[in-house]
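Student: Here's a structure for you.
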Amino acid sequence: ETQADNHEKEGVIKYDLSFLHQPISALVDVAPLDQWRHVLFNLELIGQDPNRYGGLGFGNISNRLPSNAFLISGSQTGHFAYLKQQHCAVVTECDPQINQLKAYGEVKPSSESLTHGVLYNEFSAIGAVVHVHSPLIWSMADQLSLPATGQSIPYGTPEMADAVVAVTNDIEAQSLSPVFVMKGHVDGVVSYGLDLSAAVSSLLDVYHRAVMIPNDC
């Protein structure tokens with residue numbers, strides 16, 4: 001099954017997706033991903049809210065698997081407090097230059113899979129990627145001195161993939177915290193790390209810093 005969707009709506013898959021509808025192997029452990037996702041769900045950094053983004057789900061989380069594949073939360077699963085295997089997908093190939101993914105599972109992969117995939121492709125040390133929606137962090141990006149992709153670059157595009165690589169190279173070159181903002185993707189914040197624990201912890205550190213900034217700053 002192939003899906004090509006160019007909608008600009010939040011949470012809608014925009015890339016060419018070659019998708020095989022079949023259960024994820026029992027050998028793929030989704031528990032670590034689900035445990036860390038639940039932390040972000042409780043903070044409303046991942047979820048679904050009728051008053052936000054037209055009621056569509058937001059945020060996603062992934063971790064690297066062998067053979068350069070990765071496990072990622074499924075599209076429009078934000079309303080689930082906990083994820084099971086049927087709520088996740090495995091992306092087996094990612095080619096951002098032609099805007100194409102190959103994946104399988106019982107649900108299609110998140111609409112931000114292209115961003116996750118390019119990070120895994122380009123940076124062998126990255127083992128997990130988190131994409132959340134935080135109005136607080138996003139609006140305070142400058143005060144927090146966070147790197148950012150350009151405001152004119154839409155999510156889920158080859159241009160965004162290139163921008164993500166560029167900003168991550170800058171982060172690594174300057175030994176900055178591995179968290180950046182997507183200025184062209186409202187409230188979008190990305191963190192990454194060696195594993196899920198590192199990726200989420202870096203994000204929570206920035207979140208705490210944002211909470212501690214006085215409102216009148």
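Labels used: A, B, ... for chains in the order of the structure tokens, numbers from 1 for residues in each chain, and numbers from 1 for ligands as shown.
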Write out as a tab-separated table a residue-level contact list of region 53-155 of chain A versus region 189-194 of chain A with cut-off 10 Å: for each qualifying residue the closest pair of atoms and the distance in Å to one decimal, counting only C-alpha atoms, rows sorted by chain and residue number upward.

Tutor:
```
residue	atom	partner	partner_atom	distance
A:Gly59	CA	A:Val189	CA	9.0
A:Asn60	CA	A:Val190	CA	9.6
A:Ile61	CA	A:Val190	CA	9.7
A:Ser62	CA	A:Tyr192	CA	9.5
A:Asn63	CA	A:Leu194	CA	9.4
A:Arg64	CA	A:Leu194	CA	9.5
A:Thr115	CA	A:Val190	CA	9.2
A:His116	CA	A:Tyr192	CA	9.1
A:Leu119	CA	A:Tyr192	CA	8.6
A:Tyr120	CA	A:Tyr192	CA	9.9
A:Ser124	CA	A:Leu194	CA	9.3
A:Ala125	CA	A:Leu194	CA	6.0
A:Ile126	CA	A:Leu194	CA	4.9
A:Gly127	CA	A:Leu194	CA	4.6
A:Ala128	CA	A:Gly193	CA	5.6
A:Val129	CA	A:Tyr192	CA	4.4
A:Val130	CA	A:Ser191	CA	5.2
A:His131	CA	A:Val190	CA	4.5
A:Val132	CA	A:Val189	CA	5.4
A:His133	CA	A:Val189	CA	6.0
A:Ser134	CA	A:Val189	CA	6.7
A:Pro135	CA	A:Val189	CA	9.2
A:Ile137	CA	A:Val189	CA	7.5
A:Trp138	CA	A:Val189	CA	6.8
A:Ala141	CA	A:Val189	CA	9.5
A:Leu146	CA	A:Val189	CA	9.8
A:Ala148	CA	A:Val189	CA	9.0
```

Student: Which residues come within 8 Å of region 17-30 of chain A, counting only C-alpha atoms, excluding same-chain residues fewer than 3 positions away, as number ranges by chain?

Tutor: A: 1-4, 33-34, 71, 83-86, 88-90, 100-108

Student: When DSSP works through the backbone of this structure, what residues of region 12-177 of chain A end up as alpha helix (DSSP H), shown as a PyMOL selection string?

Tutor: chain A and resi 31-42+113-122+135-139+158-174

Student: Within 12 Å of His208 (chain A), counting only C-alpha atoms, which residues show up once you throw out same-chain ones fewer than 3 positions away? Write them as a ChimeraX atom specification, please.

Tutor: /A:43,134,136-137,144,201-205,211-213

Student: How would the residues just chosen look if you wrote them out with N, CA, C and O atoms as a short mmCIF file (atom, residue, chain, number, x, y, z; two decimals), in the first residue's frame?

Tutor:
```cif
data_model
loop_
_atom_site.label_atom_id
_atom_site.label_comp_id
_atom_site.auth_asym_id
_atom_site.auth_seq_id
_atom_site.Cartn_x
_atom_site.Cartn_y
_atom_site.Cartn_z
N LEU A 43 2.82 14.87 31.00
CA LEU A 43 3.13 16.30 30.95
C LEU A 43 2.43 17.01 29.79
O LEU A 43 2.65 18.20 29.57
N SER A 134 5.36 21.57 22.72
CA SER A 134 5.41 22.34 23.95
C SER A 134 5.31 23.82 23.64
O SER A 134 6.30 24.45 23.24
N LEU A 136 5.23 26.13 25.69
CA LEU A 136 6.12 26.80 26.63
C LEU A 136 7.55 26.86 26.09
O LEU A 136 8.14 27.94 25.98
N ILE A 137 8.11 25.71 25.75
CA ILE A 137 9.49 25.69 25.25
C ILE A 137 9.58 26.44 23.93
O ILE A 137 10.49 27.24 23.70
N LEU A 144 15.82 30.51 26.03
CA LEU A 144 16.49 29.26 26.41
C LEU A 144 17.73 28.99 25.56
O LEU A 144 18.43 28.00 25.78
N SER A 201 15.45 12.71 29.03
CA SER A 201 16.04 13.49 30.13
C SER A 201 16.51 14.86 29.65
O SER A 201 16.34 15.86 30.35
N SER A 202 17.11 14.91 28.46
CA SER A 202 17.54 16.20 27.92
C SER A 202 16.35 17.12 27.69
O SER A 202 16.41 18.32 27.97
N LEU A 203 15.27 16.56 27.18
CA LEU A 203 14.06 17.36 26.97
C LEU A 203 13.49 17.86 28.28
O LEU A 203 13.11 19.04 28.40
N LEU A 204 13.44 16.99 29.29
CA LEU A 204 12.87 17.39 30.58
C LEU A 204 13.72 18.45 31.26
O LEU A 204 13.19 19.31 31.97
N ASP A 205 15.02 18.42 31.03
CA ASP A 205 15.89 19.46 31.57
C ASP A 205 15.53 20.82 30.98
O ASP A 205 15.42 21.82 31.71
N VAL A 211 10.04 26.25 32.65
CA VAL A 211 9.07 26.46 33.74
C VAL A 211 9.60 27.45 34.75
O VAL A 211 8.83 28.26 35.32
N MET A 212 10.91 27.48 34.96
CA MET A 212 11.50 28.32 35.98
C MET A 212 11.74 29.76 35.53
O MET A 212 12.08 30.62 36.34
N ILE A 213 11.55 30.04 34.23
CA ILE A 213 11.72 31.42 33.75
C ILE A 213 10.49 32.23 34.18
O ILE A 213 9.36 31.83 33.91
#
```

Student: Select from region 1-211 of chain A everything DSSP, run on the backbone, classes as strand (DSSP E), then give the selection as number ranges by chain.

Tutor: A: 2-3, 16-21, 47-48, 57-58, 60-64, 70-73, 88-95, 100-105, 128-133, 148-149, 179-182, 188-193

Student: Kindly indicate which residue among A:Thr77, A:Thr92, A:Ser177, A:Ser152 lies nearest to Gly47 (chain A), using only C-alpha atoms for the distances.

Tutor: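 Among the listed residues, A:Thr77 lies closest to Gly47 (chain A).
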
Student: CA of Leu56 (chain A) and CA of Gln151 (chain A) are how many Å apart?

Tutor: 21.8 Å

Student: How many Å lie between CA of Ala161 (chain A) and CA of Asn42 (chain A), rounded to one decimal?

Tutor: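 Computed distance, CA of Ala161 (chain A) to CA of Asn42 (chain A), equals 28.6 Å.
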
Student: Rank A:Asn121, A:Tyr53, A:Pro32, A:Val39 by their smallest atom-to-atom distance to Ala69 (chain A), using only C-alpha atoms, and report the top residue only.

Tutor: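 With only C-alpha atoms as the atom set, the closest residue is A:Asn121.
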
Student: Rank A:Ser67, A:Gln174, A:Val200, A:Tyr15 by their smallest atom-to-atom distance to Met160 (chain A), using only C-alpha atoms, and report the top residue only.

Tutor: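 Ranked by minimum distance to Met160 (chain A), first place goes to A:Tyr15.
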
Student: Which value, in Å to one decimal, gives the distance between CA of Gly78 (chain A) and CA of Gln48 (chain A)?

Tutor: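 CA of Gln48 (chain A) lies 5.0 Å from CA of Gly78 (chain A).
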